[in-house]
>>> print(open('coords.cif').read())   # mmCIF, C-alpha atoms and all ligand atoms
data_my_file
#
loop_
_atom_site.group_PDB
_atom_site.id
_atom_site.type_symbol
_atom_site.label_atom_id
_atom_site.label_comp_id
_atom_site.auth_asym_id
_atom_site.auth_seq_id
_atom_site.Cartn_x
_atom_site.Cartn_y
_atom_site.Cartn_z
ATOM 1 C CA MET A 1 -31.423 -22.595 -64.460
ATOM 2 C CA THR A 2 -31.060 -21.674 -60.849
ATOM 3 C CA ALA A 3 -30.702 -18.023 -59.964
ATOM 4 C CA PRO A 4 -27.444 -17.332 -58.155
ATOM 5 C CA ALA A 5 -27.826 -16.809 -54.434
ATOM 6 C CA PRO A 6 -27.701 -13.148 -53.455
ATOM 7 C CA PRO A 7 -24.366 -12.238 -51.920
ATOM 8 C CA VAL A 8 -24.325 -12.071 -48.163
ATOM 9 C CA THR A 9 -22.033 -9.334 -46.957
ATOM 10 C CA GLY A 10 -20.852 -9.362 -43.411
ATOM 11 C CA ASP A 11 -21.661 -6.121 -41.615
ATOM 12 C CA GLY A 12 -19.413 -7.138 -38.736
ATOM 13 C CA ARG A 13 -22.342 -7.188 -36.315
ATOM 14 C CA THR A 14 -24.330 -10.153 -37.585
ATOM 15 C CA ALA A 15 -23.101 -13.721 -37.413
ATOM 16 C CA LEU A 16 -23.264 -15.748 -40.633
ATOM 17 C CA ALA A 17 -24.095 -19.443 -40.690
ATOM 18 C CA ALA A 18 -24.430 -21.906 -43.542
ATOM 19 C CA VAL A 19 -25.649 -25.479 -43.810
ATOM 20 C CA ALA A 20 -25.215 -27.505 -46.992
ATOM 21 C CA THR A 21 -24.684 -31.033 -48.168
ATOM 22 C CA THR A 22 -21.097 -32.140 -48.598
ATOM 23 C CA GLY A 23 -21.846 -32.591 -52.304
ATOM 24 C CA GLU A 24 -23.081 -29.022 -52.665
ATOM 25 C CA VAL A 25 -19.921 -27.631 -51.108
ATOM 26 C CA LEU A 26 -17.579 -29.814 -53.135
ATOM 27 C CA ALA A 27 -19.396 -28.719 -56.326
ATOM 28 C CA HIS A 28 -18.988 -25.018 -55.479
ATOM 29 C CA PRO A 29 -16.857 -23.388 -58.198
ATOM 30 C CA ARG A 30 -14.736 -21.334 -55.801
ATOM 31 C CA LEU A 31 -14.130 -24.063 -53.250
ATOM 32 C CA HIS A 32 -11.563 -26.814 -53.726
ATOM 33 C CA GLU A 33 -9.032 -28.882 -51.812
ATOM 34 C CA GLY A 34 -6.194 -26.596 -52.917
ATOM 35 C CA LEU A 35 -7.443 -23.964 -50.465
ATOM 36 C CA LEU A 36 -6.465 -26.114 -47.496
ATOM 37 C CA GLU A 37 -3.288 -25.494 -45.538
ATOM 38 C CA PRO A 38 -0.614 -28.240 -45.453
ATOM 39 C CA TRP A 39 -1.524 -29.206 -41.866
ATOM 40 C CA GLU A 40 -5.187 -29.546 -42.855
ATOM 41 C CA LEU A 41 -4.261 -31.729 -45.821
ATOM 42 C CA ARG A 42 -2.158 -33.950 -43.566
ATOM 43 C CA ARG A 43 -5.125 -34.375 -41.250
ATOM 44 C CA LEU A 44 -7.372 -35.100 -44.210
ATOM 45 C CA ALA A 45 -4.946 -37.731 -45.508
ATOM 46 C CA ALA A 46 -5.186 -39.583 -42.196
ATOM 47 C CA ILE A 47 -8.949 -40.111 -42.534
ATOM 48 C CA ARG A 48 -9.521 -43.578 -43.978
ATOM 49 C CA VAL A 49 -13.261 -43.459 -44.645
ATOM 50 C CA PRO A 50 -13.701 -41.552 -47.955
ATOM 51 C CA SER A 51 -17.146 -40.145 -47.116
ATOM 52 C CA ARG A 52 -15.901 -38.850 -43.787
ATOM 53 C CA ARG A 53 -12.871 -37.333 -45.459
ATOM 54 C CA ASP A 54 -15.197 -35.518 -47.874
ATOM 55 C CA ASP A 55 -17.317 -34.256 -44.969
ATOM 56 C CA VAL A 56 -14.260 -32.840 -43.171
ATOM 57 C CA LEU A 57 -12.987 -31.247 -46.377
ATOM 58 C CA ALA A 58 -16.395 -29.721 -47.142
ATOM 59 C CA ALA A 59 -16.799 -28.357 -43.612
ATOM 60 C CA ARG A 60 -13.439 -26.607 -43.798
ATOM 61 C CA LEU A 61 -14.286 -25.190 -47.226
ATOM 62 C CA LEU A 62 -17.723 -24.002 -46.121
ATOM 63 C CA LEU A 63 -16.125 -22.267 -43.153
ATOM 64 C CA ARG A 64 -13.790 -20.447 -45.547
ATOM 65 C CA LEU A 65 -16.800 -19.309 -47.557
ATOM 66 C CA CYS A 66 -18.489 -18.026 -44.382
ATOM 67 C CA VAL A 67 -15.339 -16.216 -43.296
ATOM 68 C CA ALA A 68 -14.856 -14.702 -46.760
ATOM 69 C CA ARG A 69 -18.389 -13.321 -46.705
ATOM 70 C CA PHE A 70 -17.968 -12.033 -43.194
ATOM 71 C CA THR A 71 -14.613 -10.306 -43.687
ATOM 72 C CA GLY A 72 -15.043 -9.390 -47.348
ATOM 73 C CA GLY A 73 -11.806 -11.218 -48.172
ATOM 74 C CA PRO A 74 -11.377 -14.079 -50.658
ATOM 75 C CA PRO A 75 -11.702 -17.739 -49.572
ATOM 76 C CA GLU A 76 -7.962 -18.070 -50.275
ATOM 77 C CA GLU A 77 -7.288 -15.746 -47.331
ATOM 78 C CA SER A 78 -9.945 -17.107 -44.990
ATOM 79 C CA ALA A 79 -8.190 -20.102 -43.470
ATOM 80 C CA PRO A 80 -9.023 -20.989 -39.881
ATOM 81 C CA ALA A 81 -6.277 -21.935 -37.450
ATOM 82 C CA GLN A 82 -6.836 -24.301 -34.556
ATOM 83 C CA TYR A 83 -5.357 -24.403 -31.107
ATOM 84 C CA CYS A 84 -5.905 -26.832 -28.240
ATOM 85 C CA ALA A 85 -5.416 -25.293 -24.815
ATOM 86 C CA ASP A 86 -5.371 -28.735 -23.172
ATOM 87 C CA CYS A 87 -2.354 -29.933 -25.192
ATOM 88 C CA ASP A 88 -0.902 -26.446 -25.790
ATOM 89 C CA ARG A 89 -0.591 -27.422 -29.467
ATOM 90 C CA PRO A 90 -1.960 -26.109 -32.770
ATOM 91 C CA GLY A 91 -3.689 -28.264 -35.386
ATOM 92 C CA HIS A 92 -6.753 -29.271 -33.404
ATOM 93 C CA GLY A 93 -9.043 -27.809 -30.789
ATOM 94 C CA ARG A 94 -11.145 -24.697 -31.131
ATOM 95 C CA PRO A 95 -10.839 -22.966 -34.512
ATOM 96 C CA TYR A 96 -10.004 -19.269 -34.735
ATOM 97 C CA LEU A 97 -8.898 -16.676 -37.258
ATOM 98 C CA HIS A 98 -5.307 -15.599 -36.921
ATOM 99 C CA ASP A 99 -5.910 -12.135 -38.399
ATOM 100 C CA HIS A 100 -9.272 -11.511 -36.677
ATOM 101 C CA PRO A 101 -8.794 -12.315 -32.998
ATOM 102 C CA GLY A 102 -12.244 -11.099 -31.907
ATOM 103 C CA VAL A 103 -14.133 -13.102 -34.506
ATOM 104 C CA GLY A 104 -15.581 -16.483 -33.581
ATOM 105 C CA VAL A 105 -15.723 -19.419 -36.017
ATOM 106 C CA SER A 106 -17.208 -22.897 -35.790
ATOM 107 C CA LEU A 107 -17.739 -25.877 -38.058
ATOM 108 C CA SER A 108 -19.673 -29.123 -38.009
ATOM 109 C CA HIS A 109 -19.996 -32.203 -40.193
ATOM 110 C CA ALA A 110 -22.125 -35.336 -40.041
ATOM 111 C CA ASP A 111 -22.876 -37.988 -42.652
ATOM 112 C CA GLY A 112 -22.942 -35.900 -45.811
ATOM 113 C CA LEU A 113 -23.944 -32.637 -44.138
ATOM 114 C CA VAL A 114 -21.780 -29.684 -43.165
ATOM 115 C CA GLY A 115 -22.291 -26.477 -41.242
ATOM 116 C CA ALA A 116 -20.148 -23.437 -40.581
ATOM 117 C CA ALA A 117 -20.567 -20.178 -38.701
ATOM 118 C CA VAL A 118 -18.641 -16.975 -38.150
ATOM 119 C CA GLY A 119 -19.560 -14.067 -35.921
ATOM 120 C CA PRO A 120 -18.444 -11.057 -33.912
ATOM 121 C CA GLY A 121 -17.705 -13.028 -30.762
ATOM 122 C CA ALA A 122 -18.466 -16.558 -29.686
ATOM 123 C CA VAL A 123 -20.330 -18.784 -32.157
ATOM 124 C CA GLY A 124 -21.031 -22.496 -32.280
ATOM 125 C CA VAL A 125 -22.743 -24.528 -34.990
ATOM 126 C CA ASP A 126 -24.002 -28.094 -35.090
ATOM 127 C CA VAL A 127 -25.693 -30.022 -37.883
ATOM 128 C CA GLU A 128 -27.093 -33.549 -37.757
ATOM 129 C CA PRO A 129 -29.089 -35.723 -40.145
ATOM 130 C CA ALA A 130 -32.787 -35.291 -39.354
ATOM 131 C CA THR A 131 -33.064 -39.075 -39.057
ATOM 132 C CA ARG A 132 -30.427 -39.325 -36.309
ATOM 133 C CA ARG A 133 -31.734 -40.248 -32.873
ATOM 134 C CA PRO A 134 -29.545 -39.335 -29.920
ATOM 135 C CA GLY A 135 -29.740 -41.497 -26.875
ATOM 136 C CA PRO A 136 -30.286 -43.407 -24.775
ATOM 137 C CA LEU A 137 -32.352 -41.236 -22.451
ATOM 138 C CA SER A 138 -30.240 -42.187 -19.437
ATOM 139 C CA VAL A 139 -27.170 -40.697 -21.135
ATOM 140 C CA LEU A 140 -28.983 -37.615 -22.459
ATOM 141 C CA GLY A 141 -30.257 -36.893 -18.962
ATOM 142 C CA ARG A 142 -26.658 -36.583 -17.801
ATOM 143 C CA VAL A 143 -25.422 -34.215 -20.519
ATOM 144 C CA LEU A 144 -28.556 -32.118 -21.121
ATOM 145 C CA PRO A 145 -30.879 -30.296 -18.726
ATOM 146 C CA GLU A 146 -32.983 -33.065 -17.241
ATOM 147 C CA SER A 147 -36.264 -31.156 -17.378
ATOM 148 C CA ALA A 148 -35.712 -30.398 -21.085
ATOM 149 C CA VAL A 149 -34.995 -34.077 -21.781
ATOM 150 C CA ARG A 150 -38.164 -35.119 -19.946
ATOM 151 C CA GLU A 151 -40.209 -32.584 -21.884
ATOM 152 C CA ALA A 152 -38.754 -33.722 -25.224
ATOM 153 C CA ALA A 153 -39.373 -37.362 -24.322
ATOM 154 C CA ASP A 154 -43.059 -36.509 -23.825
ATOM 155 C CA ALA A 155 -43.339 -34.656 -27.162
ATOM 156 C CA PRO A 156 -45.506 -36.119 -29.961
ATOM 157 C CA ASP A 157 -42.298 -37.127 -31.803
ATOM 158 C CA PRO A 158 -39.790 -37.700 -28.971
ATOM 159 C CA GLY A 159 -36.900 -38.726 -31.242
ATOM 160 C CA ALA A 160 -37.116 -35.537 -33.293
ATOM 161 C CA ALA A 161 -37.565 -33.370 -30.199
ATOM 162 C CA LEU A 162 -34.520 -34.936 -28.546
ATOM 163 C CA LEU A 163 -32.453 -34.422 -31.694
ATOM 164 C CA ARG A 164 -33.354 -30.720 -31.756
ATOM 165 C CA LEU A 165 -32.449 -30.464 -28.085
ATOM 166 C CA TRP A 166 -29.150 -32.198 -28.841
ATOM 167 C CA VAL A 167 -28.074 -29.914 -31.712
ATOM 168 C CA ARG A 168 -28.938 -26.837 -29.660
ATOM 169 C CA ALA A 169 -26.826 -28.113 -26.777
ATOM 170 C CA GLU A 170 -23.922 -28.998 -29.088
ATOM 171 C CA ALA A 171 -23.981 -25.558 -30.715
ATOM 172 C CA ARG A 172 -23.987 -23.923 -27.295
ATOM 173 C CA LEU A 173 -21.136 -26.140 -26.101
ATOM 174 C CA LYS A 174 -19.001 -25.258 -29.124
ATOM 175 C CA ALA A 175 -19.604 -21.528 -28.657
ATOM 176 C CA GLY A 176 -18.362 -21.656 -25.092
ATOM 177 C CA ASP A 177 -19.416 -19.388 -22.272
ATOM 178 C CA GLY A 178 -21.271 -16.156 -22.709
ATOM 179 C CA ASP A 179 -24.691 -14.664 -23.160
ATOM 180 C CA LEU A 180 -25.728 -16.748 -26.137
ATOM 181 C CA ARG A 181 -28.937 -17.221 -28.033
ATOM 182 C CA VAL A 182 -29.537 -20.398 -29.976
ATOM 183 C CA LEU A 183 -31.149 -20.413 -33.399
ATOM 184 C CA GLU A 184 -32.302 -23.847 -34.513
ATOM 185 C CA TRP A 185 -33.929 -24.967 -37.738
ATOM 186 C CA THR A 186 -34.854 -27.983 -39.802
ATOM 187 C CA ASP A 187 -33.741 -27.984 -43.439
ATOM 188 C CA ARG A 188 -36.181 -30.400 -45.055
ATOM 189 C CA HIS A 189 -34.555 -30.172 -48.480
ATOM 190 C CA ARG A 190 -31.281 -31.477 -47.023
ATOM 191 C CA SER A 191 -32.867 -33.566 -44.271
ATOM 192 C CA ALA A 192 -30.812 -31.697 -41.689
ATOM 193 C CA VAL A 193 -31.368 -30.283 -38.241
ATOM 194 C CA ALA A 194 -29.030 -27.420 -37.410
ATOM 195 C CA ALA A 195 -28.414 -24.935 -34.630
ATOM 196 C CA VAL A 196 -26.229 -21.875 -34.181
ATOM 197 C CA ALA A 197 -25.362 -20.405 -30.798
ATOM 198 C CA SER A 198 -24.267 -16.789 -30.975
ATOM 199 C CA ALA A 199 -24.200 -13.635 -28.936
ATOM 200 C CA ALA A 200 -25.010 -11.662 -32.108
ATOM 201 C CA PRO A 201 -28.044 -12.051 -34.401
ATOM 202 C CA VAL A 202 -27.558 -14.745 -37.040
ATOM 203 C CA THR A 203 -28.114 -14.651 -40.811
ATOM 204 C CA THR A 204 -28.162 -17.988 -42.599
ATOM 205 C CA PHE A 205 -27.312 -18.813 -46.178
ATOM 206 C CA THR A 206 -26.609 -21.920 -48.184
ATOM 207 C CA VAL A 207 -24.741 -23.030 -51.270
ATOM 208 C CA GLY A 208 -26.007 -25.162 -54.097
ATOM 209 C CA PRO A 209 -29.367 -25.204 -55.840
ATOM 210 C CA GLY A 210 -31.549 -26.106 -52.888
ATOM 211 C CA PRO A 211 -33.840 -23.553 -51.271
ATOM 212 C CA ALA A 212 -32.644 -21.511 -48.322
ATOM 213 C CA PRO A 213 -33.710 -23.081 -45.048
ATOM 214 C CA ARG A 214 -36.902 -21.990 -43.385
ATOM 215 C CA ILE A 215 -35.953 -20.901 -39.917
ATOM 216 C CA ARG A 216 -38.094 -21.647 -36.924
ATOM 217 C CA ARG A 217 -37.386 -19.796 -33.724
ATOM 218 C CA PRO A 218 -38.622 -21.892 -30.849
ATOM 219 C CA ARG A 219 -38.119 -21.130 -27.223
ATOM 220 C CA ASP A 220 -34.708 -22.437 -26.167
ATOM 221 C CA PRO A 221 -35.011 -24.993 -23.355
ATOM 222 C CA THR A 222 -31.215 -25.418 -23.027
ATOM 223 C CA ARG A 223 -30.882 -21.950 -21.550
HETATM 224 ZN ZN ZN B 1 -5.581 -31.363 -27.521
#
>>> encode(input="coords.cif", output="structure tokens")
Amino acid sequence: MTAPAPPVTGDGRTALAAVATTGEVLAHPRLHEGLLEPWELRRLAAIRVPSRRDDVLAARLLLRLCVARFTGGPPEESAPAQYCADCDRPGHGRPYLHDHPGVGVSLSHADGLVGAAVGPGAVGVDVEPATRRPGPLSVLGRVLPESAVREAADAPDPGAALLRLWVRAEARLKAGDGDLRVLEWTDRHRSAVAAVASAAPVTTFTVGPGPAPRIRRPRDPTR
């Protein structure tokens, strides 16, 4: 028997972030495909790789769970909308909450892992498999601060250091502009590296039977 996770209640001032495996989310008793809006289901139906489809579904469901905990509403009323300023069209682009214009939301999925975040203001989340190795260095040097890339490349485990640098940068990119702090951690149980960029302090939680992630708070070289 696994003790149920303690409820996380949004106080409106703390961002909430969750990382889980796609399987954990899809096994959650309150989360199911029926929660998705018609436009989300149409997008899901267009994804031909079943595992990727599951990842996208799970990310959208985990975001609903985050939003429900943050707002105190049910997952059924926690659907994110999306709008792309470049195309001036809904259905893709940065997610937002129609009924909570000041609240930031973000989601991420990668190879059986999903992440979601919600907060009072800008938030961005990224999750990657701990075994992923971004690169090559010549490309990373163009999209990340060069000094940080050099430092990571000289670390005892350069691949892991570069991955952590990468997820921090992705989380920051998704959050957009602003005075952001980046929280990054490695979830060994799920073999995941995750980061959340947020102006507000961040509380993390997870779903499923695995232990809650142990958070490390390193200095942030992407700042
Ligand atoms: Zn667009």
>>> closest_residue(input="coords.cif", among="A:Asp54, A:Asp86, A:Glu76, A:Glu37", to="ligand ZN 1 (chain B)", atoms="all atoms listed in the file")
A:Asp86
>>> resolve_selection(input="coords.cif", expression="the PyMOL selection byres (((chain A and resi 171-180) around 7) and not hetatm)", output="MDAnalysis selection string")
chainID A and resid 122:126 167:170 181:182 195:199
>>> resolve_selection(input="coords.cif", expression="the PyMOL selection byres (((chain A and resi 22-25) around 7) and not hetatm)", output="VMD selection string")
chain A and resid 20 to 21 26 to 28 54 to 55 58 62 112 to 114 207 to 208
>>> closest_residue(input="coords.cif", among="A:Ala130, A:Ala81, A:Leu63, A:Leu165", to="Ala153 (chain A)", atoms="all atoms listed in the file")
A:Leu165
>>> closest_residue(input="coords.cif", among="A:Ala59, A:Ala79, A:Cys87, A:Cys66", to="ligand ZN 1 (chain B)", atoms="only C-alpha atoms and all ligand atoms")
A:Cys87
>>> closest_residue(input="coords.cif", among="A:Val143, A:Val193, A:Ala155, A:Ala117", to="Leu16 (chain A)", atoms="all atoms listed in the file")
A:Ala117
>>> residues_around(input="coords.cif", residues="Leu97 (chain A)", least_positions_apart="2", cutoff="6 Å", atoms="only C-alpha atoms", output="number ranges by chain")
A: 80-81, 99-100
>>> residues_near_ligand(input="coords.cif", ligand="ligand ZN 1 (chain B)", cutoff="12 Å", atoms="only C-alpha atoms and all ligand atoms", output="PDB file with C-alpha atoms, keeping the file's coordinate frame")
ATOM      1  CA  GLN A  82      -6.836 -24.301 -34.556  1.00  0.00           C
ATOM      2  CA  TYR A  83      -5.357 -24.403 -31.107  1.00  0.00           C
ATOM      3  CA  CYS A  84      -5.905 -26.832 -28.240  1.00  0.00           C
ATOM      4  CA  ALA A  85      -5.416 -25.293 -24.815  1.00  0.00           C
ATOM      5  CA  ASP A  86      -5.371 -28.735 -23.172  1.00  0.00           C
ATOM      6  CA  CYS A  87      -2.354 -29.933 -25.192  1.00  0.00           C
ATOM      7  CA  ASP A  88      -0.902 -26.446 -25.790  1.00  0.00           C
ATOM      8  CA  ARG A  89      -0.591 -27.422 -29.467  1.00  0.00           C
ATOM      9  CA  PRO A  90      -1.960 -26.109 -32.770  1.00  0.00           C
ATOM     10  CA  GLY A  91      -3.689 -28.264 -35.386  1.00  0.00           C
ATOM     11  CA  HIS A  92      -6.753 -29.271 -33.404  1.00  0.00           C
ATOM     12  CA  GLY A  93      -9.043 -27.809 -30.789  1.00  0.00           C
ATOM     13  CA  ARG A  94     -11.145 -24.697 -31.131  1.00  0.00           C
TER      14      ARG A  94
END
>>> residues_near_point(input="coords.cif", point="(-33.2, -31.7, -46.4)", cutoff="12 Å", atoms="all atoms listed in the file", output="list in words")
Val19, Ala20, Thr21, Gly112, Leu113, Val127, Glu128, Pro129, Ala130, Thr131, Trp185, Thr186, Asp187, Arg188, His189, Arg190, Ser191, Ala192, Val193, Ala194, Thr206, Gly210, Pro211, Ala212, Pro213 and Arg214 of chain A
>>> atom_distance(input="coords.cif", atom1="CA of Thr14 (chain A)", atom2="CA of Ser78 (chain A)")
17.6 Å
>>> resolve_selection(input="coords.cif", expression="the PyMOL selection byres (((chain A and resi 11) around 12) and not hetatm)", output="number ranges by chain")
A: 8-10, 12-16, 69-72, 118-120, 200-203
>>> write_last_selection(input="coords.cif", atoms="C-alpha atoms", output="JSON list (two decimals), in the coordinates of the input")
[["chain", "number", "residue", "atom", "x", "y", "z"],
["A", 8, "VAL", "CA", -24.32, -12.07, -48.16],
["A", 9, "THR", "CA", -22.03, -9.33, -46.96],
["A", 10, "GLY", "CA", -20.85, -9.36, -43.41],
["A", 12, "GLY", "CA", -19.41, -7.14, -38.74],
["A", 13, "ARG", "CA", -22.34, -7.19, -36.32],
["A", 14, "THR", "CA", -24.33, -10.15, -37.58],
["A", 15, "ALA", "CA", -23.10, -13.72, -37.41],
["A", 16, "LEU", "CA", -23.26, -15.75, -40.63],
["A", 69, "ARG", "CA", -18.39, -13.32, -46.70],
["A", 70, "PHE", "CA", -17.97, -12.03, -43.19],
["A", 71, "THR", "CA", -14.61, -10.31, -43.69],
["A", 72, "GLY", "CA", -15.04, -9.39, -47.35],
["A", 118, "VAL", "CA", -18.64, -16.98, -38.15],
["A", 119, "GLY", "CA", -19.56, -14.07, -35.92],
["A", 120, "PRO", "CA", -18.44, -11.06, -33.91],
["A", 200, "ALA", "CA", -25.01, -11.66, -32.11],
["A", 201, "PRO", "CA", -28.04, -12.05, -34.40],
["A", 202, "VAL", "CA", -27.56, -14.74, -37.04],
["A", 203, "THR", "CA", -28.11, -14.65, -40.81]]
>>> closest_residue(input="coords.cif", among="A:Leu41, A:Val105, A:Ala161, A:Leu144", to="Ala68 (chain A)", atoms="all atoms listed in the file")
A:Val105
>>> atom_distance(input="coords.cif", atom1="CA of Asp157 (chain A)", atom2="CA of Arg132 (chain A)")
12.9 Å
>>> atom_distance(input="coords.cif", atom1="CA of Pro145 (chain A)", atom2="CA of Ala18 (chain A)")
27.0 Å
>>> closest_atom_pairs(input="coords.cif", of="region 97-214 of chain A", to="region 45-52 of chain A", cutoff="9 Å", atoms="only C-alpha atoms", output="JSON lines")
{"residue": "A:His109", "atom": "CA", "partner": "A:Arg52", "partner_atom": "CA", "distance": 8.6}
{"residue": "A:Ala110", "atom": "CA", "partner": "A:Arg52", "partner_atom": "CA", "distance": 8.1}
{"residue": "A:Asp111", "atom": "CA", "partner": "A:Arg52", "partner_atom": "CA", "distance": 7.1}
{"residue": "A:Gly112", "atom": "CA", "partner": "A:Ser51", "partner_atom": "CA", "distance": 7.3}
>>> write_last_selection(input="coords.cif", atoms="C-alpha atoms", output="tab-separated table (two decimals), keeping the file's coordinate frame")
chain	number	residue	atom	x	y	z
A	109	HIS	CA	-20.00	-32.20	-40.19
A	110	ALA	CA	-22.12	-35.34	-40.04
A	111	ASP	CA	-22.88	-37.99	-42.65
A	112	GLY	CA	-22.94	-35.90	-45.81
